[in-house]
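Peer 1: Here you go, entry_29.cif (mmCIF, C-alpha atoms):
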data_protein
#
loop_
_atom_site.label_atom_id
_atom_site.label_comp_id
_atom_site.auth_asym_id
_atom_site.auth_seq_id
_atom_site.Cartn_x
_atom_site.Cartn_y
_atom_site.Cartn_z
CA MET X 30 130.73 111.80 88.61
CA ARG X 31 133.18 113.34 86.20
CA ARG X 32 133.52 117.11 86.48
CA ASP X 33 131.67 117.72 83.19
CA GLN X 34 128.67 115.66 84.44
CA ARG X 35 128.20 117.37 87.79
CA ASP X 36 125.14 119.42 88.63
CA ASP X 37 126.14 123.07 88.55
CA SER X 38 122.68 124.37 89.44
CA GLY X 39 123.96 125.57 92.81
CA SER X 40 121.32 123.64 94.77
CA THR X 41 122.06 121.07 97.48
CA THR X 42 120.60 117.62 97.96
CA ASP X 43 118.63 118.79 101.03
CA GLN X 44 117.29 121.75 99.13
CA ARG X 45 116.08 119.57 96.28
CA LEU X 46 114.45 117.19 98.79
CA LEU X 47 112.59 119.91 100.69
CA ASP X 48 111.63 122.05 97.72
CA SER X 49 108.06 121.13 96.80
CA ARG X 50 108.54 122.32 93.24
CA GLY X 51 109.90 120.21 90.43
CA PRO X 52 108.81 117.11 88.51
CA SER X 53 107.16 114.14 90.26
CA ASP X 54 108.33 111.49 87.81
CA TRP X 55 110.72 110.09 90.42
CA VAL X 56 107.87 108.41 92.33
CA HIS X 57 107.37 106.08 89.38
CA THR X 58 110.98 104.95 89.07
CA ASP X 59 112.10 101.41 89.92
CA PRO X 60 114.26 102.43 92.93
CA TRP X 61 111.24 104.12 94.49
CA ARG X 62 109.10 101.05 93.79
CA VAL X 63 111.64 98.95 95.68
CA LEU X 64 111.07 101.10 98.76
CA ARG X 65 107.30 100.78 98.41
CA ILE X 66 107.64 97.00 98.12
CA GLN X 67 109.84 96.97 101.21
CA ALA X 68 107.27 99.06 103.06
CA GLU X 69 104.53 96.57 102.21
CA PHE X 70 106.53 93.68 103.61
CA VAL X 71 107.38 95.63 106.77
CA GLU X 72 103.75 96.63 107.29
CA GLY X 73 102.48 93.12 106.64
CA PHE X 74 104.98 91.43 108.94
CA GLY X 75 104.33 93.98 111.66
CA ALA X 76 100.55 93.73 111.46
CA LEU X 77 100.34 89.94 111.28
CA ALA X 78 103.20 88.84 113.54
CA GLU X 79 100.93 88.21 116.53
CA VAL X 80 97.92 86.79 114.68
CA PRO X 81 96.98 83.43 116.25
CA ARG X 82 97.15 80.23 114.21
CA ALA X 83 95.13 80.89 111.08
CA VAL X 84 93.61 79.25 108.02
CA THR X 85 93.27 81.11 104.74
CA VAL X 86 90.04 80.57 102.85
CA PHE X 87 89.84 81.59 99.21
CA GLY X 88 86.73 82.00 97.09
CA SER X 89 85.03 84.14 94.50
CA ALA X 90 84.39 87.83 95.06
CA ARG X 91 81.33 87.36 92.84
CA THR X 92 79.51 85.00 95.21
CA LYS X 93 76.05 86.44 95.93
CA ARG X 94 74.89 87.04 99.48
CA ASP X 95 71.67 85.09 98.90
CA SER X 96 73.48 82.03 97.50
CA ASP X 97 74.20 78.64 99.04
CA GLU X 98 77.93 79.28 98.49
CA TYR X 99 77.73 82.38 100.68
CA GLU X 100 76.10 80.41 103.49
CA LEU X 101 78.74 77.72 103.05
CA GLY X 102 81.45 80.35 103.53
CA ARG X 103 79.79 81.58 106.71
CA ALA X 104 79.58 78.03 108.03
CA ILE X 105 83.24 77.31 107.29
CA GLY X 106 84.36 80.56 108.89
CA GLY X 107 82.33 79.72 111.98
CA ALA X 108 83.63 76.15 112.15
CA LEU X 109 87.25 77.31 111.94
CA ALA X 110 86.66 79.88 114.67
CA LYS X 111 85.13 77.24 116.96
CA ALA X 112 88.14 75.01 116.27
CA GLY X 113 90.43 77.78 117.50
CA PHE X 114 91.71 79.11 114.17
CA ALA X 115 91.70 82.68 112.98
CA THR X 116 90.38 83.03 109.44
CA MET X 117 92.25 84.90 106.74
CA THR X 118 90.77 85.93 103.39
CA GLY X 119 91.42 88.40 100.62
CA GLY X 120 89.18 90.76 102.56
CA GLY X 121 86.84 91.47 99.67
CA PRO X 122 83.15 90.78 99.02
CA GLY X 123 81.47 87.49 98.08
CA ALA X 124 82.89 84.30 99.53
CA MET X 125 85.60 86.25 101.34
CA GLU X 126 83.02 88.35 103.15
CA ALA X 127 81.03 85.23 104.00
CA VAL X 128 84.01 83.54 105.66
CA ASN X 129 85.03 86.67 107.58
CA ARG X 130 81.43 87.12 108.66
CA GLY X 131 81.04 83.54 109.84
CA ALA X 132 84.24 83.75 111.85
CA SER X 133 83.25 87.06 113.42
CA GLU X 134 79.75 85.86 114.28
CA ALA X 135 81.25 82.78 115.98
CA GLY X 136 83.53 84.96 118.10
CA GLY X 137 86.66 84.24 116.11
CA PHE X 138 89.39 86.51 114.80
CA SER X 139 88.90 87.59 111.21
CA VAL X 140 91.72 88.86 108.97
CA GLY X 141 91.48 90.43 105.51
CA LEU X 142 94.42 91.05 103.20
CA GLY X 143 93.13 93.35 100.47
CA ILE X 144 94.65 94.17 97.10
CA GLU X 145 94.53 97.39 95.12
CA LEU X 146 92.43 96.65 92.03
CA PRO X 147 90.42 98.93 89.75
CA PHE X 148 87.20 96.98 90.34
CA GLU X 149 87.45 95.88 93.99
CA GLN X 150 85.19 97.38 96.66
CA GLY X 151 87.64 97.56 99.56
CA LEU X 152 87.68 95.49 102.74
CA ASN X 153 84.40 93.97 103.87
CA PRO X 154 82.90 95.10 107.21
CA TRP X 155 83.53 91.78 108.98
CA VAL X 156 87.32 92.11 109.01
CA ASP X 157 88.87 92.59 112.47
CA LEU X 158 92.38 93.19 111.13
CA GLY X 159 92.84 94.45 107.60
CA VAL X 160 95.94 95.17 105.55
CA ASN X 161 95.85 96.53 102.00
CA PHE X 162 98.53 95.70 99.44
CA ARG X 163 99.58 97.10 96.08
CA TYR X 164 101.60 94.07 95.05
CA PHE X 165 100.23 90.54 94.68
CA PHE X 166 103.55 88.90 95.53
CA ALA X 167 103.82 90.70 98.87
CA ARG X 168 100.26 89.72 99.73
CA LYS X 169 100.87 86.09 98.72
CA THR X 170 103.83 85.92 101.07
CA MET X 171 101.59 86.96 103.97
CA PHE X 172 98.99 84.29 103.16
CA ILE X 173 101.62 81.57 103.16
CA LYS X 174 103.67 82.83 106.10
CA TYR X 175 100.78 83.35 108.51
CA SER X 176 98.49 80.44 107.57
CA GLN X 177 98.53 76.81 108.61
CA ALA X 178 96.37 75.68 105.68
CA PHE X 179 94.43 76.79 102.61
CA ILE X 180 90.78 76.00 101.98
CA CYS X 181 89.56 76.83 98.47
CA LEU X 182 85.87 77.48 97.93
CA PRO X 183 84.53 77.78 94.38
CA GLY X 184 86.39 80.67 92.77
CA GLY X 185 87.98 82.03 89.62
CA PHE X 186 91.45 82.94 88.42
CA GLY X 187 92.50 84.48 91.75
CA THR X 188 91.57 81.34 93.67
CA LEU X 189 93.33 79.15 91.10
CA ASP X 190 96.40 81.36 91.30
CA GLU X 191 96.66 81.01 95.06
CA LEU X 192 95.89 77.29 94.86
CA PHE X 193 98.72 76.45 92.48
CA GLU X 194 101.10 78.84 94.21
CA ALA X 195 100.58 76.89 97.44
CA LEU X 196 100.90 73.51 95.69
CA THR X 197 104.17 74.57 94.07
CA LEU X 198 105.63 75.75 97.37
CA VAL X 199 104.64 72.52 99.13
CA GLN X 200 105.85 70.33 96.25
CA THR X 201 109.24 72.06 96.25
CA LYS X 202 109.36 71.93 100.07
CA LYS X 203 109.52 75.69 100.47
CA VAL X 204 106.78 75.14 103.05
CA THR X 205 106.00 71.92 104.89
CA LYS X 206 102.89 70.38 106.45
CA PHE X 207 100.60 72.72 104.57
CA PRO X 208 97.29 71.07 103.59
CA VAL X 209 95.29 72.37 100.65
CA VAL X 210 91.58 71.59 100.76
CA LEU X 211 89.30 71.91 97.74
CA PHE X 212 85.79 72.33 99.09
CA GLY X 213 83.06 71.20 96.69
CA SER X 214 83.62 68.00 94.71
CA LYS X 215 81.15 69.04 92.00
CA TYR X 216 83.03 72.29 91.38
CA TRP X 217 86.59 71.02 91.78
CA GLY X 218 86.11 67.43 90.59
CA GLY X 219 86.90 68.18 86.94
CA LEU X 220 90.15 69.94 87.85
CA TYR X 221 91.17 67.12 90.20
CA ASP X 222 90.43 64.51 87.52
CA TRP X 223 92.49 66.44 84.97
CA ILE X 224 95.42 66.64 87.37
CA SER X 225 95.13 62.90 87.98
CA ASP X 226 94.33 61.70 84.47
CA THR X 227 96.64 64.06 82.59
CA LEU X 228 99.42 65.48 84.77
CA LEU X 229 99.98 62.34 86.80
CA ALA X 230 99.31 59.95 83.92
CA GLU X 231 101.88 61.70 81.74
CA GLY X 232 104.47 61.84 84.50
CA LYS X 233 104.37 65.62 84.96
CA ILE X 234 103.76 65.15 88.70
CA GLY X 235 104.23 62.23 91.11
CA GLU X 236 101.80 60.20 93.20
CA LYS X 237 102.74 62.15 96.32
CA ASP X 238 102.00 65.42 94.54
CA LEU X 239 98.40 64.35 93.97
CA GLU X 240 98.11 63.62 97.69
CA LEU X 241 98.74 67.30 98.42
CA LEU X 242 95.11 67.98 97.46
CA HIS X 243 92.14 66.97 99.59
CA VAL X 244 88.68 67.23 98.02
CA THR X 245 85.67 67.24 100.31
CA ASP X 246 82.06 68.31 100.69
CA ASP X 247 82.03 68.06 104.48
CA ILE X 248 82.93 70.98 106.76
CA ASP X 249 83.94 68.74 109.66
CA ASP X 250 86.24 66.79 107.33
CA ALA X 251 87.88 70.00 106.11
CA VAL X 252 88.47 71.21 109.67
CA ARG X 253 89.80 67.77 110.65
CA VAL X 254 92.40 67.90 107.85
CA VAL X 255 93.53 71.30 109.09
CA GLN X 256 93.65 70.19 112.73
CA ASP X 257 95.53 66.97 111.98
CA SER X 258 98.14 68.80 109.95
CA TYR X 259 98.60 71.46 112.59
CA GLN X 260 98.93 68.82 115.33
CA ALA X 261 101.54 66.97 113.28
CA TRP X 262 103.45 70.23 112.87
CA GLU X 263 103.30 70.92 116.62
CA ASP X 264 104.50 67.40 117.43
CA THR X 265 107.63 67.95 115.37
CA HIS X 266 108.37 71.45 116.68
#
Any chance you could put this one into structure tokens?
Peer 2:
Amino acid sequence: MRRDQRDDSGSTTDQRLLDSRGPSDWVHTDPWRVLRIQAEFVEGFGALAEVPRAVTVFGSARTKRDSDEYELGRAIGGALAKAGFATMTGGGPGAMEAVNRGASEAGGFSVGLGIELPFEQGLNPWVDLGVNFRYFFARKTMFIKYSQAFICLPGGFGTLDELFEALTLVQTKKVTKFPVVLFGSKYWGGLYDWISDTLLAEGKIGEKDLELLHVTDDIDDAVRVVQDSYQAWEDTH
């Protein structure tokens, strides 16, 4: 810095670091946020690096425990565990809890990647390995990096966000051999028809893009899609 801009307070950098007094505004600056973002990636990579092959299952946090959708989540979590896959969810309540619970009850490994939100209730009790995130984009990276497939149960904006994020990454070949399963034809049928009748019909996507989605109402079929894709990936690696 030019001489007239230098700090003439007489303090040193170490002194300012160790002195507990002074303003705390610096923790909200962009450079500090960069370090927090970096820390989230480091923690996520470190925690998940040795997780066995996994499938991420998305679904609504608002799913009731006494609902058929909750029991469906438990059944899917159990089926994936029996097929040798760890299950990964957002770690919250509702459908996420159901899937983690089903996997845990079947003797499988259950992962929850939570997100800091003003209305979330924290990680559900069925998570074997849990990691909490502040930033959605860091959390999304973990879902993609450490999963072999996505299964989407009925859900809201969060589920749709993850769904189209995955489709975009597969379409643009940022990730390969990554199946996306929409479970529940009654729930997802309207969306699938709109993608087919509007996006495809108007040339906004191609025929192969539509094939990236698999709609089913059968648990065995969903697990088969995951297994076939994983086997194809193994055969080429």
Peer 1: Report, in Å with one decimal, the straight-line distance from atom CA of X:Trp61 to atom CA of X:Gly151.
Peer 2: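 Atom CA of X:Gly151 lies 25.0 Å from atom CA of X:Trp61.
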Peer 1: Could you tell me how far atom CA of X:Ala76 sits from atom CA of X:Gln260, in Å to one decimal place?
Peer 2: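 Going from atom CA of X:Gln260 over to atom CA of X:Ala76 covers 25.3 Å.
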Peer 1: Grab the atom CA of X:Arg163 to atom CA of X:Arg62 distance for me, in Å with one decimal place.
Peer 2: 10.6 Å
Peer 1: Tell me which protein, DNA and RNA residues are within 6 Å of stretch 99-102 of chain X, counting all atoms listed in the file, leaving out same-chain ones fewer than 6 positions away, and put them as a PyMOL selection string.
Peer 2: chain X and resi 124+127-128
Peer 1: Would you please work out which residue, of X:Ala104, X:Val244, X:Ile173, X:Ala195, is nearest to X:Gly219 when using all atoms listed in the file?
Peer 2: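 Once distances to X:Gly219 are computed over all atoms listed in the file, the minimum belongs to X:Val244.
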Peer 1: When you count all atoms listed in the file, which of these residues is closest to X:Val84: X:Gly131, X:Gly106, X:Ser225, X:Thr58?
Peer 2: X:Gly106
Peer 1: Please write out, as JSON, where the centre of an axis-aligned box around all listed atoms of stretch 61-75 of chain X lies and how long its edges are, in Å to one decimal, after adding 3 Å on each side.
Peer 2:
{"center_x": 107.1, "center_y": 97.8, "center_z": 102.7, "size_x": 15.2, "size_y": 18.7, "size_z": 23.9}
Peer 1: Expand the PyMOL selection byres ((chain X and resi 66) around 12) into the explicit residue set it covers here, and present it as a PyMOL selection string.
Peer 2: chain X and resi 59-65+67-73+162-168
Peer 1: Could stretch 170-181 of chain X be completed with all heavy atoms and returned as an mmCIF file, in the frame of the given file?
Peer 2:
data_model
loop_
_atom_site.group_PDB
_atom_site.id
_atom_site.type_symbol
_atom_site.label_atom_id
_atom_site.label_comp_id
_atom_site.auth_asym_id
_atom_site.auth_seq_id
_atom_site.Cartn_x
_atom_site.Cartn_y
_atom_site.Cartn_z
ATOM 1 N N THR X 170 102.897 86.305 100.020
ATOM 2 C CA THR X 170 103.830 85.920 101.070
ATOM 3 C C THR X 170 103.149 85.902 102.432
ATOM 4 O O THR X 170 103.383 85.004 103.246
ATOM 5 C CB THR X 170 105.036 86.883 101.100
ATOM 6 O OG1 THR X 170 105.709 86.829 99.842
ATOM 7 C CG2 THR X 170 106.015 86.505 102.200
ATOM 8 N N MET X 171 102.286 86.888 102.686
ATOM 9 C CA MET X 171 101.590 86.960 103.970
ATOM 10 C C MET X 171 100.628 85.791 104.147
ATOM 11 O O MET X 171 100.521 85.215 105.234
ATOM 12 C CB MET X 171 100.843 88.286 104.101
ATOM 13 C CG MET X 171 101.712 89.512 103.942
ATOM 14 S SD MET X 171 103.123 89.547 105.078
ATOM 15 C CE MET X 171 104.269 90.559 104.114
ATOM 16 N N PHE X 172 99.907 85.430 103.080
ATOM 17 C CA PHE X 172 98.990 84.290 103.160
ATOM 18 C C PHE X 172 99.732 83.018 103.541
ATOM 19 O O PHE X 172 99.278 82.251 104.393
ATOM 20 C CB PHE X 172 98.287 84.081 101.811
ATOM 21 C CG PHE X 172 97.137 85.011 101.549
ATOM 22 C CD1 PHE X 172 97.020 85.652 100.330
ATOM 23 C CD2 PHE X 172 96.161 85.232 102.507
ATOM 24 C CE1 PHE X 172 95.954 86.499 100.060
ATOM 25 C CE2 PHE X 172 95.093 86.084 102.253
ATOM 26 C CZ PHE X 172 94.984 86.715 101.027
ATOM 27 N N ILE X 173 100.862 82.792 102.897
ATOM 28 C CA ILE X 173 101.620 81.570 103.160
ATOM 29 C C ILE X 173 102.275 81.613 104.539
ATOM 30 O O ILE X 173 102.222 80.653 105.309
ATOM 31 C CB ILE X 173 102.692 81.354 102.075
ATOM 32 C CG1 ILE X 173 102.046 81.015 100.725
ATOM 33 C CG2 ILE X 173 103.676 80.279 102.485
ATOM 34 C CD1 ILE X 173 101.430 79.643 100.662
ATOM 35 N N LYS X 174 102.890 82.726 104.863
ATOM 36 C CA LYS X 174 103.670 82.830 106.100
ATOM 37 C C LYS X 174 102.794 82.710 107.350
ATOM 38 O O LYS X 174 103.203 82.107 108.352
ATOM 39 C CB LYS X 174 104.450 84.143 106.125
ATOM 40 C CG LYS X 174 105.329 84.327 107.373
ATOM 41 C CD LYS X 174 106.208 85.546 107.242
ATOM 42 C CE LYS X 174 107.021 85.784 108.509
ATOM 43 N NZ LYS X 174 107.905 84.660 108.855
ATOM 44 N N TYR X 175 101.595 83.275 107.299
ATOM 45 C CA TYR X 175 100.780 83.350 108.510
ATOM 46 C C TYR X 175 99.569 82.432 108.496
ATOM 47 O O TYR X 175 98.642 82.598 109.286
ATOM 48 C CB TYR X 175 100.359 84.810 108.750
ATOM 49 C CG TYR X 175 101.560 85.686 109.046
ATOM 50 C CD1 TYR X 175 102.058 86.569 108.098
ATOM 51 C CD2 TYR X 175 102.227 85.589 110.267
ATOM 52 C CE1 TYR X 175 103.170 87.354 108.362
ATOM 53 C CE2 TYR X 175 103.344 86.356 110.545
ATOM 54 C CZ TYR X 175 103.816 87.242 109.589
ATOM 55 O OH TYR X 175 104.923 88.003 109.846
ATOM 56 N N SER X 176 99.560 81.434 107.607
ATOM 57 C CA SER X 176 98.490 80.440 107.570
ATOM 58 C C SER X 176 99.038 79.056 107.851
ATOM 59 O O SER X 176 100.190 78.762 107.529
ATOM 60 C CB SER X 176 97.795 80.437 106.203
ATOM 61 O OG SER X 176 97.135 81.642 105.947
ATOM 62 N N GLN X 177 98.182 78.213 108.403
ATOM 63 C CA GLN X 177 98.530 76.810 108.610
ATOM 64 C C GLN X 177 97.935 75.921 107.525
ATOM 65 O O GLN X 177 98.269 74.745 107.428
ATOM 66 C CB GLN X 177 98.053 76.335 109.981
ATOM 67 C CG GLN X 177 99.049 76.565 111.101
ATOM 68 C CD GLN X 177 99.225 78.043 111.419
ATOM 69 O OE1 GLN X 177 98.269 78.760 111.655
ATOM 70 N NE2 GLN X 177 100.461 78.503 111.423
ATOM 71 N N ALA X 178 97.021 76.474 106.719
ATOM 72 C CA ALA X 178 96.370 75.680 105.680
ATOM 73 C C ALA X 178 95.610 76.619 104.743
ATOM 74 O O ALA X 178 95.317 77.767 105.090
ATOM 75 C CB ALA X 178 95.403 74.673 106.301
ATOM 76 N N PHE X 179 95.298 76.096 103.549
ATOM 77 C CA PHE X 179 94.430 76.790 102.610
ATOM 78 C C PHE X 179 93.165 75.961 102.400
ATOM 79 O O PHE X 179 93.240 74.734 102.244
ATOM 80 C CB PHE X 179 95.100 76.955 101.238
ATOM 81 C CG PHE X 179 96.065 78.111 101.138
ATOM 82 C CD1 PHE X 179 96.310 78.956 102.194
ATOM 83 C CD2 PHE X 179 96.738 78.337 99.951
ATOM 84 C CE1 PHE X 179 97.204 80.009 102.085
ATOM 85 C CE2 PHE X 179 97.637 79.380 99.821
ATOM 86 C CZ PHE X 179 97.866 80.219 100.890
ATOM 87 N N ILE X 180 92.028 76.620 102.407
ATOM 88 C CA ILE X 180 90.780 76.000 101.980
ATOM 89 C C ILE X 180 90.264 76.806 100.798
ATOM 90 O O ILE X 180 90.111 78.028 100.903
ATOM 91 C CB ILE X 180 89.729 75.969 103.111
ATOM 92 C CG1 ILE X 180 90.215 75.090 104.266
ATOM 93 C CG2 ILE X 180 88.386 75.444 102.582
ATOM 94 C CD1 ILE X 180 89.259 75.064 105.461
ATOM 95 N N CYS X 181 90.009 76.143 99.678
ATOM 96 C CA CYS X 181 89.560 76.830 98.470
ATOM 97 C C CYS X 181 88.088 76.541 98.218
ATOM 98 O O CYS X 181 87.705 75.395 97.929
ATOM 99 C CB CYS X 181 90.387 76.387 97.266
ATOM 100 S SG CYS X 181 92.131 76.850 97.358
#
